[in-house]
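J.: Structure file entry_21.cif (mmCIF, C-alpha atoms and all ligand atoms) right here:
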data_entry
loop_
_atom_site.label_atom_id
_atom_site.label_comp_id
_atom_site.auth_asym_id
_atom_site.auth_seq_id
_atom_site.Cartn_x
_atom_site.Cartn_y
_atom_site.Cartn_z
CA MET B 1118 -30.61 13.15 -2.69
CA ILE B 1119 -29.22 12.60 -6.23
CA ILE B 1120 -25.53 11.85 -5.81
CA GLN B 1121 -23.22 12.68 -8.68
CA PRO B 1122 -19.40 12.74 -8.73
CA LYS B 1123 -17.85 16.11 -7.88
CA SER B 1124 -14.17 15.93 -8.58
CA ARG B 1125 -11.32 18.38 -8.44
CA GLY B 1126 -8.06 16.96 -9.78
CA PHE B 1127 -7.40 13.72 -7.96
CA ILE B 1128 -10.04 14.37 -5.30
CA CYS B 1129 -13.69 13.41 -5.48
CA THR B 1130 -15.72 15.06 -2.75
CA THR B 1131 -18.84 12.92 -3.11
CA ALA B 1132 -19.35 9.17 -2.82
CA HIS B 1133 -22.28 6.93 -3.68
CA PRO B 1134 -23.41 4.50 -0.96
CA GLU B 1135 -24.97 1.90 -3.24
CA GLY B 1136 -22.11 2.08 -5.73
CA CYS B 1137 -19.55 1.59 -2.94
CA ALA B 1138 -21.59 -1.31 -1.55
CA SER B 1139 -21.66 -2.89 -5.00
CA GLN B 1140 -17.87 -2.53 -5.36
CA VAL B 1141 -17.38 -4.19 -1.97
CA GLN B 1142 -19.80 -6.98 -2.92
CA ARG B 1143 -17.86 -7.60 -6.15
CA GLN B 1144 -14.67 -8.05 -4.10
CA ILE B 1145 -16.43 -10.39 -1.68
CA GLU B 1146 -17.79 -12.48 -4.55
CA TYR B 1147 -14.33 -12.73 -6.09
CA VAL B 1148 -12.95 -14.10 -2.82
CA GLN B 1149 -15.87 -16.47 -2.40
CA SER B 1150 -15.23 -17.87 -5.89
CA LYS B 1151 -11.73 -18.92 -4.80
CA PRO B 1152 -10.61 -21.74 -2.49
CA ALA B 1153 -10.77 -20.96 1.23
CA ILE B 1154 -7.50 -20.07 2.98
CA ASN B 1155 -6.37 -21.71 6.19
CA GLY B 1156 -5.33 -18.30 7.45
CA PRO B 1157 -5.72 -15.92 10.38
CA ARG B 1158 -8.54 -16.06 12.97
CA ASN B 1159 -8.52 -12.58 14.52
CA VAL B 1160 -7.29 -9.72 12.39
CA LEU B 1161 -6.59 -6.03 12.94
CA VAL B 1162 -6.38 -3.90 9.79
CA VAL B 1163 -5.12 -0.36 10.32
CA GLY B 1164 -6.19 1.66 7.24
CA ALA B 1165 -9.05 -0.72 6.46
CA SER B 1166 -11.61 1.27 4.50
CA THR B 1167 -10.26 1.55 0.95
CA GLY B 1168 -7.58 0.17 -1.37
CA TYR B 1169 -5.23 -2.53 -0.14
CA GLY B 1170 -6.40 -2.42 3.49
CA LEU B 1171 -10.06 -3.00 2.57
CA ALA B 1172 -9.09 -5.85 0.23
CA SER B 1173 -6.94 -7.40 3.00
CA ARG B 1174 -9.89 -7.24 5.37
CA ILE B 1175 -12.22 -8.84 2.80
CA VAL B 1176 -9.78 -11.69 2.14
CA ALA B 1177 -9.26 -12.30 5.87
CA SER B 1178 -12.99 -12.36 6.54
CA PHE B 1179 -14.35 -14.10 3.45
CA ALA B 1180 -11.54 -16.49 2.48
CA SER B 1181 -10.34 -17.30 5.97
CA GLY B 1182 -13.48 -16.74 8.07
CA ALA B 1183 -11.58 -14.37 10.36
CA ASN B 1184 -13.02 -11.90 12.84
CA THR B 1185 -11.77 -8.43 11.95
CA ILE B 1186 -11.33 -5.00 13.46
CA GLY B 1187 -10.91 -2.19 10.94
CA VAL B 1188 -9.40 1.15 11.96
CA TYR B 1189 -9.78 3.98 9.48
CA PHE B 1190 -10.26 7.71 9.06
CA ASP B 1191 -13.56 8.38 7.33
CA LYS B 1192 -16.45 10.76 7.67
CA ALA B 1193 -20.18 10.15 8.01
CA ALA B 1194 -22.65 12.09 5.85
CA GLU B 1195 -23.61 15.49 7.17
CA GLY B 1196 -26.23 17.81 5.73
CA VAL B 1197 -25.69 18.03 1.99
CA ARG B 1198 -22.30 16.28 2.21
CA THR B 1199 -22.14 12.57 1.47
CA ALA B 1200 -20.05 10.28 3.65
CA SER B 1201 -16.59 9.38 2.33
CA ALA B 1202 -16.18 6.27 0.19
CA GLY B 1203 -14.40 4.39 3.00
CA TRP B 1204 -17.40 4.95 5.25
CA TYR B 1205 -19.80 3.39 2.74
CA ASN B 1206 -17.34 0.59 1.94
CA SER B 1207 -17.01 -0.26 5.60
CA ALA B 1208 -20.77 -0.19 6.21
CA ALA B 1209 -21.21 -2.68 3.36
CA PHE B 1210 -18.34 -4.81 4.60
CA GLU B 1211 -19.69 -4.95 8.17
CA GLN B 1212 -23.15 -5.97 6.97
CA ALA B 1213 -21.79 -8.74 4.76
CA ALA B 1214 -19.39 -10.01 7.45
CA ALA B 1215 -22.24 -10.19 9.98
CA ALA B 1216 -24.40 -12.08 7.47
CA ALA B 1217 -21.53 -14.54 6.99
CA GLY B 1218 -21.28 -15.03 10.75
CA ASN B 1219 -17.86 -13.36 11.16
CA LYS B 1220 -17.41 -10.84 13.92
CA SER B 1221 -16.35 -7.41 12.71
CA PHE B 1222 -15.90 -4.03 14.35
CA SER B 1223 -15.00 -0.57 13.13
CA ILE B 1224 -13.05 2.14 14.88
CA VAL B 1225 -13.16 5.47 13.08
CA GLY B 1226 -10.47 7.97 14.02
CA ASP B 1227 -6.82 8.88 13.81
CA ALA B 1228 -4.74 5.67 13.93
CA PHE B 1229 -1.68 7.78 14.78
CA SER B 1230 -3.20 8.89 18.09
CA ASP B 1231 -2.78 7.25 21.50
CA GLU B 1232 -6.54 7.53 22.01
CA ILE B 1233 -7.47 5.36 19.01
CA LYS B 1234 -4.77 2.82 19.86
CA ALA B 1235 -6.10 2.53 23.44
CA LYS B 1236 -9.67 2.20 22.18
CA THR B 1237 -8.65 -0.54 19.75
CA LEU B 1238 -6.74 -2.43 22.43
CA ASP B 1239 -9.78 -2.33 24.71
CA LEU B 1240 -11.97 -3.66 21.93
CA ILE B 1241 -9.55 -6.52 21.21
CA ARG B 1242 -9.47 -7.38 24.91
CA THR B 1243 -13.23 -7.53 25.27
CA GLU B 1244 -14.23 -8.99 21.90
CA LEU B 1245 -11.43 -11.01 20.35
CA GLY B 1246 -8.90 -11.87 23.05
CA GLN B 1247 -5.80 -11.91 20.89
CA ILE B 1248 -4.89 -10.89 17.35
CA ASP B 1249 -2.94 -13.18 15.04
CA LEU B 1250 -2.60 -10.84 12.04
CA VAL B 1251 -1.97 -7.09 11.99
CA VAL B 1252 -2.17 -5.47 8.55
CA TYR B 1253 -0.78 -1.95 8.47
CA SER B 1254 -2.15 -0.17 5.37
CA VAL B 1255 -2.38 3.50 6.31
CA ALA B 1256 -1.73 6.01 3.55
CA SER B 1257 -2.00 9.56 4.83
CA PRO B 1258 -0.84 13.02 3.87
CA ARG B 1259 -0.23 14.06 7.46
CA ARG B 1260 0.39 12.84 11.00
CA THR B 1261 0.44 14.40 14.42
CA HIS B 1262 2.99 12.72 16.65
CA PRO B 1263 1.22 11.32 19.72
CA LYS B 1264 4.08 12.03 22.13
CA THR B 1265 5.53 15.35 20.94
CA GLY B 1266 2.41 16.85 19.32
CA GLU B 1267 4.48 17.82 16.26
CA SER B 1268 2.50 17.83 13.01
CA PHE B 1269 4.12 16.39 9.91
CA ALA B 1270 3.08 16.67 6.26
CA SER B 1271 4.30 14.22 3.66
CA VAL B 1272 5.37 15.34 0.20
CA ILE B 1273 5.96 13.37 -2.97
CA LYS B 1274 9.16 14.81 -4.35
CA PRO B 1275 12.47 13.64 -5.77
CA LEU B 1276 15.65 13.85 -3.73
CA GLY B 1277 18.72 15.78 -4.84
CA GLU B 1278 17.69 16.90 -8.32
CA THR B 1279 14.73 18.40 -10.11
CA TYR B 1280 12.77 15.72 -11.93
CA SER B 1281 10.71 16.02 -15.10
CA ASN B 1282 8.61 13.38 -16.78
CA LYS B 1283 5.30 12.89 -18.51
CA THR B 1284 2.11 13.11 -16.57
CA VAL B 1285 -1.57 13.08 -17.49
CA ASN B 1286 -4.70 14.88 -16.48
CA PHE B 1287 -6.84 11.76 -16.36
CA HIS B 1288 -10.04 13.74 -16.69
CA ASN B 1289 -9.26 15.14 -20.14
CA GLY B 1290 -6.31 13.09 -21.40
CA GLU B 1291 -3.90 15.99 -21.59
CA VAL B 1292 -0.32 14.70 -21.41
CA THR B 1293 2.12 17.31 -20.16
CA THR B 1294 5.50 17.42 -18.48
CA ALA B 1295 5.51 17.52 -14.71
CA THR B 1296 8.55 19.16 -13.17
CA ILE B 1297 9.08 18.62 -9.48
CA GLU B 1298 11.68 20.41 -7.41
CA PRO B 1299 13.67 18.24 -4.98
CA ALA B 1300 12.53 17.97 -1.39
CA THR B 1301 14.25 19.85 1.39
CA GLU B 1302 15.82 17.95 4.29
CA ASP B 1303 12.88 18.91 6.45
CA GLU B 1304 10.30 17.70 3.91
CA LEU B 1305 12.15 14.39 3.76
CA ARG B 1306 12.13 14.11 7.55
CA GLN B 1307 8.42 14.88 7.71
CA THR B 1308 7.52 12.38 4.96
CA ILE B 1309 9.38 9.63 6.80
CA ALA B 1310 7.54 10.60 10.00
CA VAL B 1311 4.18 10.20 8.21
CA MET B 1312 4.75 7.22 5.91
CA GLY B 1313 7.71 5.46 7.58
CA GLY B 1314 7.51 2.71 10.16
CA GLU B 1315 7.26 4.56 13.49
CA ASP B 1316 3.49 4.30 13.87
CA TRP B 1317 3.42 0.64 12.76
CA GLU B 1318 6.00 -0.15 15.43
CA MET B 1319 3.98 1.76 18.04
CA TRP B 1320 0.95 -0.41 17.25
CA ILE B 1321 2.92 -3.65 17.53
CA ASP B 1322 4.69 -2.51 20.71
CA GLU B 1323 1.40 -1.58 22.37
CA LEU B 1324 -0.27 -4.84 21.34
CA GLN B 1325 2.70 -6.88 22.54
CA LYS B 1326 2.97 -5.01 25.84
CA ALA B 1327 -0.72 -5.60 26.51
CA GLY B 1328 -0.43 -9.32 25.75
CA LEU B 1329 -2.89 -8.97 22.88
CA LEU B 1330 -0.75 -10.59 20.20
CA ALA B 1331 -1.18 -14.34 19.80
CA ASP B 1332 1.85 -16.62 19.60
CA ASN B 1333 2.97 -16.96 15.98
CA ALA B 1334 1.27 -13.67 15.06
CA THR B 1335 2.01 -12.13 11.68
CA THR B 1336 2.22 -8.47 10.75
CA VAL B 1337 2.53 -7.02 7.27
CA ALA B 1338 2.86 -3.52 5.79
CA TYR B 1339 2.76 -2.57 2.13
CA SER B 1340 5.34 -0.99 -0.10
CA TYR B 1341 5.96 -0.17 -3.74
CA LEU B 1342 9.10 -0.16 -5.87
CA GLY B 1343 8.06 0.18 -9.51
CA PRO B 1344 10.10 0.63 -12.69
CA GLU B 1345 12.76 3.13 -13.73
CA ILE B 1346 10.07 5.52 -15.10
CA THR B 1347 8.76 6.28 -11.62
CA HIS B 1348 11.97 5.84 -9.58
CA ALA B 1349 12.84 9.50 -9.15
CA VAL B 1350 9.39 10.37 -7.84
CA TYR B 1351 8.79 7.16 -5.91
CA LYS B 1352 11.48 4.62 -5.02
CA GLU B 1353 14.31 7.15 -4.92
CA GLY B 1354 12.18 10.05 -3.72
CA THR B 1355 10.74 11.07 -0.36
CA ILE B 1356 8.13 8.31 -0.32
CA GLY B 1357 10.77 5.69 -1.18
CA ALA B 1358 12.84 6.91 1.76
CA ALA B 1359 9.78 6.45 4.00
CA LYS B 1360 9.33 2.94 2.60
CA ASP B 1361 13.02 2.20 3.35
CA ASP B 1362 12.25 3.19 6.92
CA LEU B 1363 9.26 0.81 6.87
CA GLU B 1364 11.59 -2.00 5.78
CA VAL B 1365 14.05 -1.31 8.59
CA THR B 1366 11.09 -1.27 10.98
CA SER B 1367 9.91 -4.63 9.67
CA LYS B 1368 13.30 -6.18 10.44
CA ARG B 1369 13.11 -4.81 13.98
CA LEU B 1370 9.56 -6.10 14.41
CA ASN B 1371 10.68 -9.53 13.21
CA GLU B 1372 13.22 -9.60 16.03
CA LYS B 1373 10.66 -8.41 18.58
CA LEU B 1374 8.13 -11.05 17.47
CA ALA B 1375 10.60 -13.91 17.07
CA ALA B 1376 10.47 -14.98 20.73
CA SER B 1377 6.79 -15.83 20.39
CA GLY B 1378 7.18 -17.36 16.93
CA GLY B 1379 5.81 -14.25 15.19
CA ARG B 1380 6.80 -12.79 11.83
CA SER B 1381 6.88 -9.38 10.21
CA PHE B 1382 6.74 -8.80 6.46
CA ILE B 1383 6.90 -6.08 3.89
CA SER B 1384 4.83 -6.95 0.86
CA VAL B 1385 5.71 -5.02 -2.29
CA ASN B 1386 2.42 -4.64 -4.13
CA LYS B 1387 1.40 -3.72 -7.66
CA ALA B 1388 0.70 -0.12 -8.75
CA LEU B 1389 -3.08 0.31 -8.68
CA VAL B 1390 -5.66 3.05 -8.84
CA THR B 1391 -6.40 4.12 -5.27
CA GLN B 1392 -7.08 7.47 -3.66
CA SER B 1393 -3.44 7.64 -2.60
CA SER B 1394 -1.77 6.66 -5.88
CA SER B 1395 -3.86 9.10 -7.93
CA ALA B 1396 -2.20 11.95 -6.03
CA ILE B 1397 1.30 11.07 -7.25
CA PRO B 1398 2.44 12.86 -10.44
CA VAL B 1399 3.54 10.59 -13.33
CA VAL B 1400 2.05 7.49 -11.65
CA PRO B 1401 -1.49 7.68 -13.16
CA LEU B 1402 -0.02 7.75 -16.68
CA TYR B 1403 2.32 4.88 -15.82
CA ILE B 1404 -0.62 2.89 -14.40
CA SER B 1405 -2.61 3.55 -17.59
CA ALA B 1406 0.23 2.15 -19.70
CA LEU B 1407 0.72 -0.76 -17.29
CA TYR B 1408 -2.99 -1.66 -17.31
CA LYS B 1409 -2.99 -1.69 -21.11
CA VAL B 1410 -0.09 -4.16 -21.23
CA MET B 1411 -1.22 -6.34 -18.33
CA LYS B 1412 -4.82 -6.55 -19.58
CA GLU B 1413 -3.61 -7.57 -23.04
CA LYS B 1414 -1.47 -10.29 -21.50
CA GLY B 1415 -4.27 -11.51 -19.22
CA LEU B 1416 -2.18 -10.56 -16.15
CA HIS B 1417 -4.22 -7.67 -14.79
CA GLU B 1418 -5.11 -7.68 -11.09
CA GLY B 1419 -6.88 -5.23 -8.79
CA CYS B 1420 -6.49 -4.86 -5.01
CA ILE B 1421 -8.60 -7.91 -4.24
CA GLU B 1422 -6.76 -10.24 -6.64
CA GLN B 1423 -3.44 -9.00 -5.26
CA MET B 1424 -4.47 -9.53 -1.65
CA TYR B 1425 -5.97 -12.96 -2.31
CA ARG B 1426 -2.67 -14.01 -3.88
CA LEU B 1427 -0.72 -12.48 -0.98
CA PHE B 1428 -2.71 -14.39 1.64
CA SER B 1429 -3.15 -17.69 -0.19
CA GLU B 1430 0.29 -18.07 -1.75
CA ARG B 1431 2.63 -16.09 0.46
CA LEU B 1432 1.42 -15.33 3.99
CA TYR B 1433 -0.57 -18.54 4.48
CA GLY B 1434 0.60 -20.72 1.58
CA ALA B 1435 1.72 -24.31 1.92
CA ALA B 1436 5.38 -23.28 1.55
CA PRO B 1437 7.01 -20.41 3.48
CA ALA B 1438 6.70 -17.08 1.68
CA ALA B 1439 9.31 -16.67 -1.05
CA LEU B 1440 11.29 -13.50 -0.34
CA ASP B 1441 13.53 -11.35 -2.53
CA GLU B 1442 17.18 -10.60 -1.77
CA LYS B 1443 16.11 -7.93 0.72
CA GLY B 1444 13.68 -10.21 2.54
CA ARG B 1445 10.49 -8.74 1.01
CA ILE B 1446 7.42 -10.48 -0.39
CA ARG B 1447 7.03 -9.57 -4.06
CA ILE B 1448 3.42 -9.61 -5.12
CA ASP B 1449 4.41 -7.04 -7.76
CA ASP B 1450 6.07 -9.95 -9.58
CA TRP B 1451 3.76 -9.83 -12.61
CA GLU B 1452 4.02 -6.01 -12.90
CA MET B 1453 7.79 -6.24 -12.85
CA ARG B 1454 8.12 -9.07 -15.38
CA ASP B 1455 10.69 -8.18 -18.04
CA ASP B 1456 8.25 -8.61 -20.93
CA VAL B 1457 5.64 -6.38 -19.21
CA GLN B 1458 8.13 -3.64 -18.40
CA ALA B 1459 9.70 -3.71 -21.88
CA GLU B 1460 6.30 -3.08 -23.45
CA VAL B 1461 5.39 -0.38 -20.94
CA ALA B 1462 8.69 1.41 -21.62
CA GLN B 1463 8.03 1.30 -25.34
CA LEU B 1464 4.52 2.69 -24.91
CA TRP B 1465 5.78 5.32 -22.50
CA ALA B 1466 8.20 6.77 -25.03
CA ASP B 1467 5.36 7.31 -27.51
CA LEU B 1468 2.58 8.61 -25.26
CA THR B 1469 1.16 12.02 -26.18
CA THR B 1470 -2.15 13.82 -25.76
CA GLU B 1471 -3.06 12.73 -29.30
CA ASN B 1472 -2.61 8.98 -28.75
CA VAL B 1473 -3.08 8.47 -25.00
CA TYR B 1474 -6.52 6.84 -25.28
CA GLU B 1475 -5.35 4.46 -27.98
CA LYS B 1476 -1.94 3.52 -26.56
CA SER B 1477 -2.78 3.38 -22.86
CA ASP B 1478 -5.75 2.31 -20.76
CA LEU B 1479 -6.51 5.83 -19.59
CA LEU B 1480 -10.25 5.17 -19.93
CA GLY B 1481 -9.84 2.17 -17.62
CA TYR B 1482 -7.88 4.32 -15.18
CA ARG B 1483 -10.53 7.02 -15.16
CA LYS B 1484 -13.34 4.51 -14.71
CA GLU B 1485 -11.57 2.83 -11.78
CA PHE B 1486 -10.92 6.23 -10.21
CA PHE B 1487 -14.64 7.00 -10.17
CA GLN B 1488 -15.43 3.48 -9.01
CA LEU B 1489 -13.34 4.17 -5.90
CA PHE B 1490 -16.14 6.55 -4.95
CA GLY B 1491 -18.98 4.25 -6.02
CA PHE B 1492 -19.58 5.83 -9.42
CA GLU B 1493 -19.48 4.27 -12.92
CA THR B 1494 -20.67 1.00 -11.41
CA ASP B 1495 -22.96 -1.29 -13.39
CA GLY B 1496 -26.46 -1.77 -12.03
CA ILE B 1497 -26.62 1.49 -10.07
CA ASN B 1498 -29.19 4.11 -11.03
CA TYR B 1499 -27.38 7.39 -10.51
CA GLU B 1500 -30.50 9.41 -11.27
CA ALA B 1501 -32.40 7.80 -8.38
CA ASP B 1502 -32.93 9.46 -5.03
CA THR B 1503 -30.43 7.97 -2.56
CA ASN B 1504 -30.16 8.33 1.18
CA PRO B 1505 -26.57 9.40 1.95
CA GLU B 1506 -26.93 8.60 5.64
CA VAL B 1507 -25.74 5.08 6.20
CA ASP B 1508 -24.93 3.57 9.59
CA ILE B 1509 -21.93 1.37 10.14
CA PRO B 1510 -22.97 -1.64 12.20
CA ASN B 1511 -20.58 -2.35 15.08
CA LEU B 1512 -19.02 1.10 15.00
CA ARG B 1513 -17.23 1.58 18.32
P1 LIG B 1601 -5.83 4.19 0.31
O1 LIG B 1601 -5.79 5.66 0.22
O2 LIG B 1601 -6.80 3.46 -0.57
O3 LIG B 1601 -6.12 3.70 1.82
C1 LIG B 1601 -5.58 4.33 2.92
C2 LIG B 1601 -6.29 3.89 4.17
O4 LIG B 1601 -5.66 4.57 5.28
C3 LIG B 1601 -7.78 4.27 4.24
O5 LIG B 1601 -8.52 3.23 4.88
C4 LIG B 1601 -7.79 5.49 5.16
O6 LIG B 1601 -9.01 5.67 5.90
C5 LIG B 1601 -6.67 5.12 6.10
N1 LIG B 1601 -6.10 6.27 6.83
C6 LIG B 1601 -5.51 7.37 6.34
N2 LIG B 1601 -5.12 8.18 7.35
C7 LIG B 1601 -5.49 7.57 8.50
C8 LIG B 1601 -5.38 7.89 9.86
N3 LIG B 1601 -4.79 9.00 10.28
N4 LIG B 1601 -5.91 7.02 10.76
C9 LIG B 1601 -6.54 5.88 10.37
N5 LIG B 1601 -6.64 5.51 9.09
C10 LIG B 1601 -6.12 6.35 8.17
O7 LIG B 1601 -4.34 3.70 0.04
P2 LIG B 1601 -3.66 2.41 -0.60
O8 LIG B 1601 -3.19 2.79 -1.96
O9 LIG B 1601 -4.48 1.21 -0.41
O10 LIG B 1601 -2.34 2.32 0.30
C11 LIG B 1601 -2.20 1.46 1.40
C12 LIG B 1601 -0.75 1.03 1.50
O11 LIG B 1601 -0.40 0.31 0.29
C13 LIG B 1601 0.22 2.20 1.59
O12 LIG B 1601 1.30 1.84 2.42
C14 LIG B 1601 0.73 2.33 0.15
O13 LIG B 1601 1.99 2.95 0.07
C15 LIG B 1601 0.78 0.87 -0.24
N6 LIG B 1601 0.83 0.60 -1.69
C16 LIG B 1601 -0.03 1.21 -2.55
C17 LIG B 1601 0.09 0.95 -3.93
C18 LIG B 1601 -0.83 1.60 -4.93
O14 LIG B 1601 -0.51 1.61 -6.12
N7 LIG B 1601 -1.97 2.10 -4.53
C19 LIG B 1601 1.06 0.05 -4.40
C20 LIG B 1601 1.90 -0.58 -3.49
C21 LIG B 1601 1.78 -0.28 -2.13
#
Output the structure of this file as structure tokens.
Ligand code: NAD

T.:
Amino acid sequence: MIIQPKSRGFICTTAHPEGCASQVQRQIEYVQSKPAINGPRNVLVVGASTGYGLASRIVASFASGANTIGVYFDKAAEGVRTASAGWYNSAAFEQAAAAAGNKSFSIVGDAFSDEIKAKTLDLIRTELGQIDLVVYSVASPRRTHPKTGESFASVIKPLGETYSNKTVNFHNGEVTTATIEPATEDELRQTIAVMGGEDWEMWIDELQKAGLLADNATTVAYSYLGPEITHAVYKEGTIGAAKDDLEVTSKRLNEKLAASGGRSFISVNKALVTQSSSAIPVVPLYISALYKVMKEKGLHEGCIEQMYRLFSERLYGAAPAALDEKGRIRIDDWEMRDDVQAEVAQLWADLTTENVYEKSDLLGYRKEFFQLFGFETDGINYEADTNPEVDIPNLR
């Protein structure tokens, strides 16, 4: 089958297996070009197939030689439908990990469910014994509560007041004004239920109860703060409230893990092109401006560079992780530098449909968006017949 991108807004419904494999290989090679990390041995990544979770898994496996279990929600190819990008990424990861002699296993299903948690715990028991790092990197639009059966949908909305700012259609460069009505109380509650800390805590509680967490285990979940431009729709909006809940959860987990020498962290990461961030209004235009400035200053990083720095300098560095005043790891430090943000703010004020390609890195944004699905990748022949059916080794 000839596989071409089919996108609607911020969704691409096709993915290219060889392109995804090549993107994963590029990340592996980056990690292999860096010094090894004296890091974790047995790692569970929940939300492991794309974005920050995939990069965390690659760093754990290829910089630290860890065995990994990845839990994620992806679909295999069926009929004329390709598999999802995370499926192809994970197949490529599993093959490379096996070739490197690191154990790796995949569990595909709903991480929010009791069933997938139980299945993962069984796998840890039989294959790895105990886990010493749990990365929680789920980004989802919805969740069904495993105890009450209630279904929640998350929304990305401001709180209190209507918010308007610039946004871009990254397919055609049209800069318009997005106006978003404030969330209702119930939308806020549901967003916190999906993207807050409850499920992370359930995972850690279950692992601890089952004796599957090693002494001195670490757990980390990811957050974002960002600049003034995005505050109303992110930090001070529904998703920010969910991230506040994640932070409170992390403090609680720290207390629960302390007795066995364990630690819980929130790492605040850089704004990057991922399937999740492309769905947030305003953010793609902000990322395009940010990329322009950071690339010019030689400061640009993608998921893999961010996660390598997180593991090597913060989680498993020689010195204890430096934390901000709220106890968080700040791997968004370069994004938030005063000189970077001053230039982004200046660009932001000027951005219009007429100058967006010149003043921002919208082309870079668009290219990275398609690369998430294995397209626009050097060395891949997109006219060639490709088999969309790819097996994931060690799928449980
Ligand atoms: P992503 O969309 O690339 O990855 C999400 C992962 O979650 C995928 O592996 C997906 O399969 C998995 N997932 C979704 N629903 C699931 C379910 N029900 N069960 C099991 N797995 C499920 O997202 P990302 O941007 O890498 O985000 C990961 C974390 O990083 C989030 O907490 C996000 O808020 C945070 N973060 C993202 C950015 C950014 O700019 N992208 C910046 C800072 C922090």

J.: Could you pull out the residues sitting within 7 Å of ligand LIG 1601 (chain B), using all atoms listed in the file, and write them as a PDB file with C-alpha atoms, in the coordinates of the input?

T.:
ATOM      1  CA  VAL B1163      -5.120  -0.360  10.320  1.00  0.00           C
ATOM      2  CA  GLY B1164      -6.190   1.660   7.240  1.00  0.00           C
ATOM      3  CA  ALA B1165      -9.050  -0.720   6.460  1.00  0.00           C
ATOM      4  CA  SER B1166     -11.610   1.270   4.500  1.00  0.00           C
ATOM      5  CA  THR B1167     -10.260   1.550   0.950  1.00  0.00           C
ATOM      6  CA  GLY B1168      -7.580   0.170  -1.370  1.00  0.00           C
ATOM      7  CA  TYR B1169      -5.230  -2.530  -0.140  1.00  0.00           C
ATOM      8  CA  GLY B1170      -6.400  -2.420   3.490  1.00  0.00           C
ATOM      9  CA  LEU B1171     -10.060  -3.000   2.570  1.00  0.00           C
ATOM     10  CA  VAL B1188      -9.400   1.150  11.960  1.00  0.00           C
ATOM     11  CA  TYR B1189      -9.780   3.980   9.480  1.00  0.00           C
ATOM     12  CA  PHE B1190     -10.260   7.710   9.060  1.00  0.00           C
ATOM     13  CA  ASP B1191     -13.560   8.380   7.330  1.00  0.00           C
ATOM     14  CA  GLY B1203     -14.400   4.390   3.000  1.00  0.00           C
ATOM     15  CA  GLY B1226     -10.470   7.970  14.020  1.00  0.00           C
ATOM     16  CA  ASP B1227      -6.820   8.880  13.810  1.00  0.00           C
ATOM     17  CA  ALA B1228      -4.740   5.670  13.930  1.00  0.00           C
ATOM     18  CA  PHE B1229      -1.680   7.780  14.780  1.00  0.00           C
ATOM     19  CA  SER B1254      -2.150  -0.170   5.370  1.00  0.00           C
ATOM     20  CA  VAL B1255      -2.380   3.500   6.310  1.00  0.00           C
ATOM     21  CA  ALA B1256      -1.730   6.010   3.550  1.00  0.00           C
ATOM     22  CA  SER B1257      -2.000   9.560   4.830  1.00  0.00           C
ATOM     23  CA  ARG B1260       0.390  12.840  11.000  1.00  0.00           C
ATOM     24  CA  ALA B1338       2.860  -3.520   5.790  1.00  0.00           C
ATOM     25  CA  TYR B1339       2.760  -2.570   2.130  1.00  0.00           C
ATOM     26  CA  SER B1340       5.340  -0.990  -0.100  1.00  0.00           C
ATOM     27  CA  TYR B1341       5.960  -0.170  -3.740  1.00  0.00           C
ATOM     28  CA  VAL B1385       5.710  -5.020  -2.290  1.00  0.00           C
ATOM     29  CA  ASN B1386       2.420  -4.640  -4.130  1.00  0.00           C
ATOM     30  CA  LYS B1387       1.400  -3.720  -7.660  1.00  0.00           C
ATOM     31  CA  ALA B1388       0.700  -0.120  -8.750  1.00  0.00           C
ATOM     32  CA  LEU B1389      -3.080   0.310  -8.680  1.00  0.00           C
ATOM     33  CA  VAL B1390      -5.660   3.050  -8.840  1.00  0.00           C
ATOM     34  CA  THR B1391      -6.400   4.120  -5.270  1.00  0.00           C
ATOM     35  CA  GLN B1392      -7.080   7.470  -3.660  1.00  0.00           C
ATOM     36  CA  SER B1393      -3.440   7.640  -2.600  1.00  0.00           C
ATOM     37  CA  SER B1394      -1.770   6.660  -5.880  1.00  0.00           C
TER      38      SER B1394
END

J.: Could the centre and edge lengths of an axis-aligned box, enclosing all atoms of region 1234-1251 of chain B in the file with 6 Å extra on each side, be given in Å to one decimal as lines of an AutoDock Vina configuration file?

T.:
center_x = -8.1
center_y = -5.2
center_z = 18.6
size_x = 24.3
size_y = 28.0
size_z = 25.3

J.: Have a look at B:Gln1488, B:Leu1440, B:His1262, B:Trp1320 and name the one nearest to Val1141 (chain B); count only C-alpha atoms.

T.: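 Among the listed residues, B:Gln1488 lies closest to Val1141 (chain B).
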
J.: Determine, counting only C-alpha atoms, which protein, DNA and RNA residues have an atom within 10 Å of an atom of Ala1215 (chain B); residues of the same chain fewer than 5 positions away are not included. Present the result as a ChimeraX atom specification.

T.: /B:1184,1210,1220-1222,1510-1511

J.: Select, from B:Ile1186, B:Ala1132, B:Val1399, B:Ile1297, the residue with the minimum atom-to-atom distance to Arg1158 (chain B), counting all atoms listed in the file.

T.: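 That would be B:Ile1186, the residue with the smallest distance to Arg1158 (chain B).
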
J.: May I ask for the distance between CA of Ser1405 (chain B) and CA of Glu1500 (chain B), given in Å to one decimal place?

T.: 29.2 Å

J.: Which one of B:Pro1152, B:Ala1183, B:Asp1316, B:Thr1308 sits closest to Ser1230 (chain B) if you count all atoms listed in the file?

T.: B:Asp1316

J.: Work out how far apart CA of Glu1146 (chain B) and CA of Arg1431 (chain B) are and give it in Å to one decimal.

T.: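 CA of Arg1431 (chain B) lies at a distance of 21.3 Å from CA of Glu1146 (chain B).
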
J.: With distances taken over all atoms listed in the file, which of B:Leu1427, B:Ile1497, B:Leu1402, B:Ala1375 is nearest to Asp1478 (chain B)?

T.: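 Nearest to Asp1478 (chain B): B:Leu1402.
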